[in-house]
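One structure below.
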Amino acid sequence: MPEQPELTIQGWGPGGSRAATATAPEDVPEGQPEPARDPDPAAALPKAARRHLARELGWEPRATPPVAVGEIRLAPSRLPAEARDALAALLGEEHVRTDREARLRRAGGKSYLDLLRRREGDASDAPDAVVLPGSTEETAALLGLCAELGVVVVPFGGGTSVVGGLSGMDPDDRPSLAVDLSRMASLTSVDVASSLVTVGPGMRGPVFEEVLGARGLTFGHLPQSWEYATLGGYAATRSAGQSSTGVGRFDELVAGLTLATPSGVLELGHPPASAAGPDLLGLALGSEGALGVITELRLRVRPAPQTRVYEGWSFRTWADGLAGLQRLARHDLLPDVVRLSDPEETRANLLNAGGTGARLLRGSLRARGRADGCLLVVGWEGLPHVVRARRRAAVPVLREHRAARVGRRVGESWRAHRFAAPYLRDRLMDAGLLVETLETAATWTALPAVYDAVRTALRNALGRPGRQPLLMTHVSHGYATGASLYVTVLADRDDDLPLQQWLGAKRAATEALLAAGGTLTHHHAVGADHRPWLAREVGPLGVEVLRAVKQRLDPQGVCNPGVLLPD
């Protein structure tokens, strides 16, 4: 049998950088040297992709490497000796660290702004110490102690926040601790009959799936940050995964949780359902550490799928694609995975794809008059007969909207490489590019206007004569009432004012999407980056309600004060 042509479809969205460089020192194993970097940072891209970026952006590849990890500036720890002694007495000396390496590993997250600062040698957002509690009781005692000492606490899981969720900003400039949850990472109970498991917040996605897989189960929550993010982080940010159209968002999969606060411990959620007043579980989900620390999760799991079918389709236009997905949603026919790329993202992904298979696919699309079309990747998982029935029902709807099947190889290639895009991000930044993402959601009615508004705002903010940004957008989650939009932005970086360049663009895009009917965020959370606009989403009274809850649970304001609530 002849060898099948290689095809690599993955995408450009960063999602959270993983490269072992000064931009991500926590990814370098302790005691290990940094890996060597290719002297030509643009070499990571195929020639066709480099030509495309140069033509679209007016970009000239140039070497802009980060400083070495050893040259990152880190101020001395401000944690008073008496506070350190008290923490060590509570948690054990080995679980309180103030050394340079421990603090750098928990410095900030993975937003473009975070990476820019660390590439320039700035670790001013690093905590003054790192503590590792091992239980709910220790965490509650830790929070009470920090409230007495006046020390800020910032929960730390995988460090993958892309909205400034780990900044630790405090208006009173108090010392700060990173509360590393990696010691609380075990599966403590499995109730197969009820499809429930109880697990610690520090467990990472791959480990969780491996543990469940040994029992014939799966969780199925697969965000771009899956390889590094933790379950506690998913809960704190109301994460959504690549399979959330079918499986559900993370908050829909939480049956209960335990929240340790400076004022005590809350046990929230009563499966399978309760009508005992408002659901307080929703207060903890998405609270981003501002109310306390999530120390245990009770999650809904499911049997591992017996079959998986991933395939690619091509729509002639973006409007056709949106109409097709909306029709599927109305009739409850959406696949488990839905990823519709606009023409710009489709073109860029095909140029960045590798192998003979990619060239054949590009040629096939041109021959069918779809060179400027929109690629759709769909995936169905579950029992074989159920998957067959769902696919049979969906295919006529897709064809009614002029979709053409382009084969399983496209879908399987995307599935095989869907976590590879973050590796590309640092290389693009090394070569002088701005690389960042933003996301929102809107009703099917408002979605086209939101799409146009965001793109216009970003072009106006980042465009210059002869230099325009490349804006690549996809729908990644579908609902009965609407869908999400995920925008990847590439532009020639302003090497003199890179922070201001993106801050201005982000501000313009946020104002535009809110005015057009989009949500402030769909799955990245509020963090520090979005909090100035929170009142636009929940209203001034809503902000005051959240302030009242925080005051009751955290009267000294030590729980991650730099996120969620506006100043």
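Residues are named by chain letter and number: chains run A, B, ... in the order of the structure tokens, numbers start at 1 in each chain, and ligands are numbered from 1 in the order shown.
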Test item, helix (DSSP H, G or I) assignment across segment 331-516 of chain A, answer as JSON, numbers by chain: {"A": [343, 344, 345, 346, 347, 348, 349, 350, 351, 352, 355, 356, 357, 358, 359, 360, 361, 362, 363, 364, 365, 366, 367, 384, 385, 386, 387, 388, 389, 390, 391, 392, 393, 394, 395, 396, 397, 398, 399, 400, 408, 409, 410, 411, 412, 413, 414, 415, 416, 417, 422, 423, 424, 425, 426, 427, 428, 429, 430, 447, 448, 449, 450, 451, 452, 453, 454, 455, 456, 457, 458, 459, 460, 461, 462, 498, 499, 500, 501, 502, 503, 504, 505, 506, 507, 508, 509, 510, 511, 512, 513, 514, 515, 516]}
Counting only C-alpha atoms, which residues of segment 421-464 of chain A sit at most 10 Å from some atom of segment 507-527 of chain A, and what is each one's closest atom pair with its distance in Å to one decimal, listed by chain and rising residue number, as JSON lines?
```
{"residue": "A:Thr437", "atom": "CA", "partner": "A:His524", "partner_atom": "CA", "distance": 10.0}
{"residue": "A:Leu438", "atom": "CA", "partner": "A:Thr521", "partner_atom": "CA", "distance": 8.2}
{"residue": "A:Glu439", "atom": "CA", "partner": "A:Thr521", "partner_atom": "CA", "distance": 6.0}
{"residue": "A:Thr440", "atom": "CA", "partner": "A:Thr521", "partner_atom": "CA", "distance": 4.8}
{"residue": "A:Ala441", "atom": "CA", "partner": "A:Thr519", "partner_atom": "CA", "distance": 5.4}
{"residue": "A:Ala442", "atom": "CA", "partner": "A:Gly518", "partner_atom": "CA", "distance": 4.8}
{"residue": "A:Thr443", "atom": "CA", "partner": "A:Gly518", "partner_atom": "CA", "distance": 8.0}
{"residue": "A:Thr445", "atom": "CA", "partner": "A:Gly517", "partner_atom": "CA", "distance": 9.5}
{"residue": "A:Ala446", "atom": "CA", "partner": "A:Gly517", "partner_atom": "CA", "distance": 6.1}
{"residue": "A:Leu447", "atom": "CA", "partner": "A:Gly518", "partner_atom": "CA", "distance": 7.7}
{"residue": "A:Pro448", "atom": "CA", "partner": "A:Ala516", "partner_atom": "CA", "distance": 9.4}
{"residue": "A:Ala449", "atom": "CA", "partner": "A:Ala516", "partner_atom": "CA", "distance": 6.1}
{"residue": "A:Val450", "atom": "CA", "partner": "A:Ala516", "partner_atom": "CA", "distance": 5.2}
{"residue": "A:Tyr451", "atom": "CA", "partner": "A:Leu513", "partner_atom": "CA", "distance": 7.9}
{"residue": "A:Asp452", "atom": "CA", "partner": "A:Leu513", "partner_atom": "CA", "distance": 9.0}
{"residue": "A:Ala453", "atom": "CA", "partner": "A:Ala512", "partner_atom": "CA", "distance": 5.6}
{"residue": "A:Val454", "atom": "CA", "partner": "A:Ala509", "partner_atom": "CA", "distance": 5.2}
{"residue": "A:Arg455", "atom": "CA", "partner": "A:Ala509", "partner_atom": "CA", "distance": 7.8}
{"residue": "A:Thr456", "atom": "CA", "partner": "A:Ala509", "partner_atom": "CA", "distance": 8.3}
{"residue": "A:Ala457", "atom": "CA", "partner": "A:Ala509", "partner_atom": "CA", "distance": 5.3}
{"residue": "A:Leu458", "atom": "CA", "partner": "A:Ala509", "partner_atom": "CA", "distance": 5.9}
{"residue": "A:Arg459", "atom": "CA", "partner": "A:Ala509", "partner_atom": "CA", "distance": 9.5}
{"residue": "A:Asn460", "atom": "CA", "partner": "A:Ala508", "partner_atom": "CA", "distance": 8.7}
{"residue": "A:Ala461", "atom": "CA", "partner": "A:Ala508", "partner_atom": "CA", "distance": 7.0}
```
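Across the structure, atom CA of Ala276 of chain A and atom CA of Val197 of chain A are spaced 23.1 Å apart.
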Using only C-alpha atoms, can you tell me which of A:Ala420, A:Leu434, A:Ala49, A:Leu291 comes closest to Trp226 of chain A? A:Ala420
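For the pair atom CA of Glu412 of chain A and atom CA of Gly321 of chain A, the interatomic distance is 20.2 Å.
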Would you pick out the contacts of segment 98-101 of chain A at 8 Å or less, using only C-alpha atoms, so that residues sharing its chain but fewer than 5 positions from it are not included, and give the list as JSON, numbers by chain? {"A": [74, 77, 128, 129, 130]}
If we count only C-alpha atoms, what is near Arg103 of chain A at a cut-off of 12 Å, once residues fewer than 2 positions away on the same chain are taken out, given as an MDAnalysis selection string? chainID A and resid 25:26 72:77 96:101 105:108 123:131 156 176:180
Among segment 141-302 of chain A, which ones does DSSP assign to strand (DSSP E or B) (computed from the backbone)? Answer as number ranges by chain. A: 152-156, 176-180, 187-191, 196-199, 204, 217-218, 230, 254-261, 264-268, 293-300, 302
Quick one: residues within 10 Å of Tyr310 of chain A, only C-alpha atoms, excluding same-chain residues fewer than 2 positions away - as a PyMOL selection string? chain A and resi 308+312+335-338+377-381+407-415
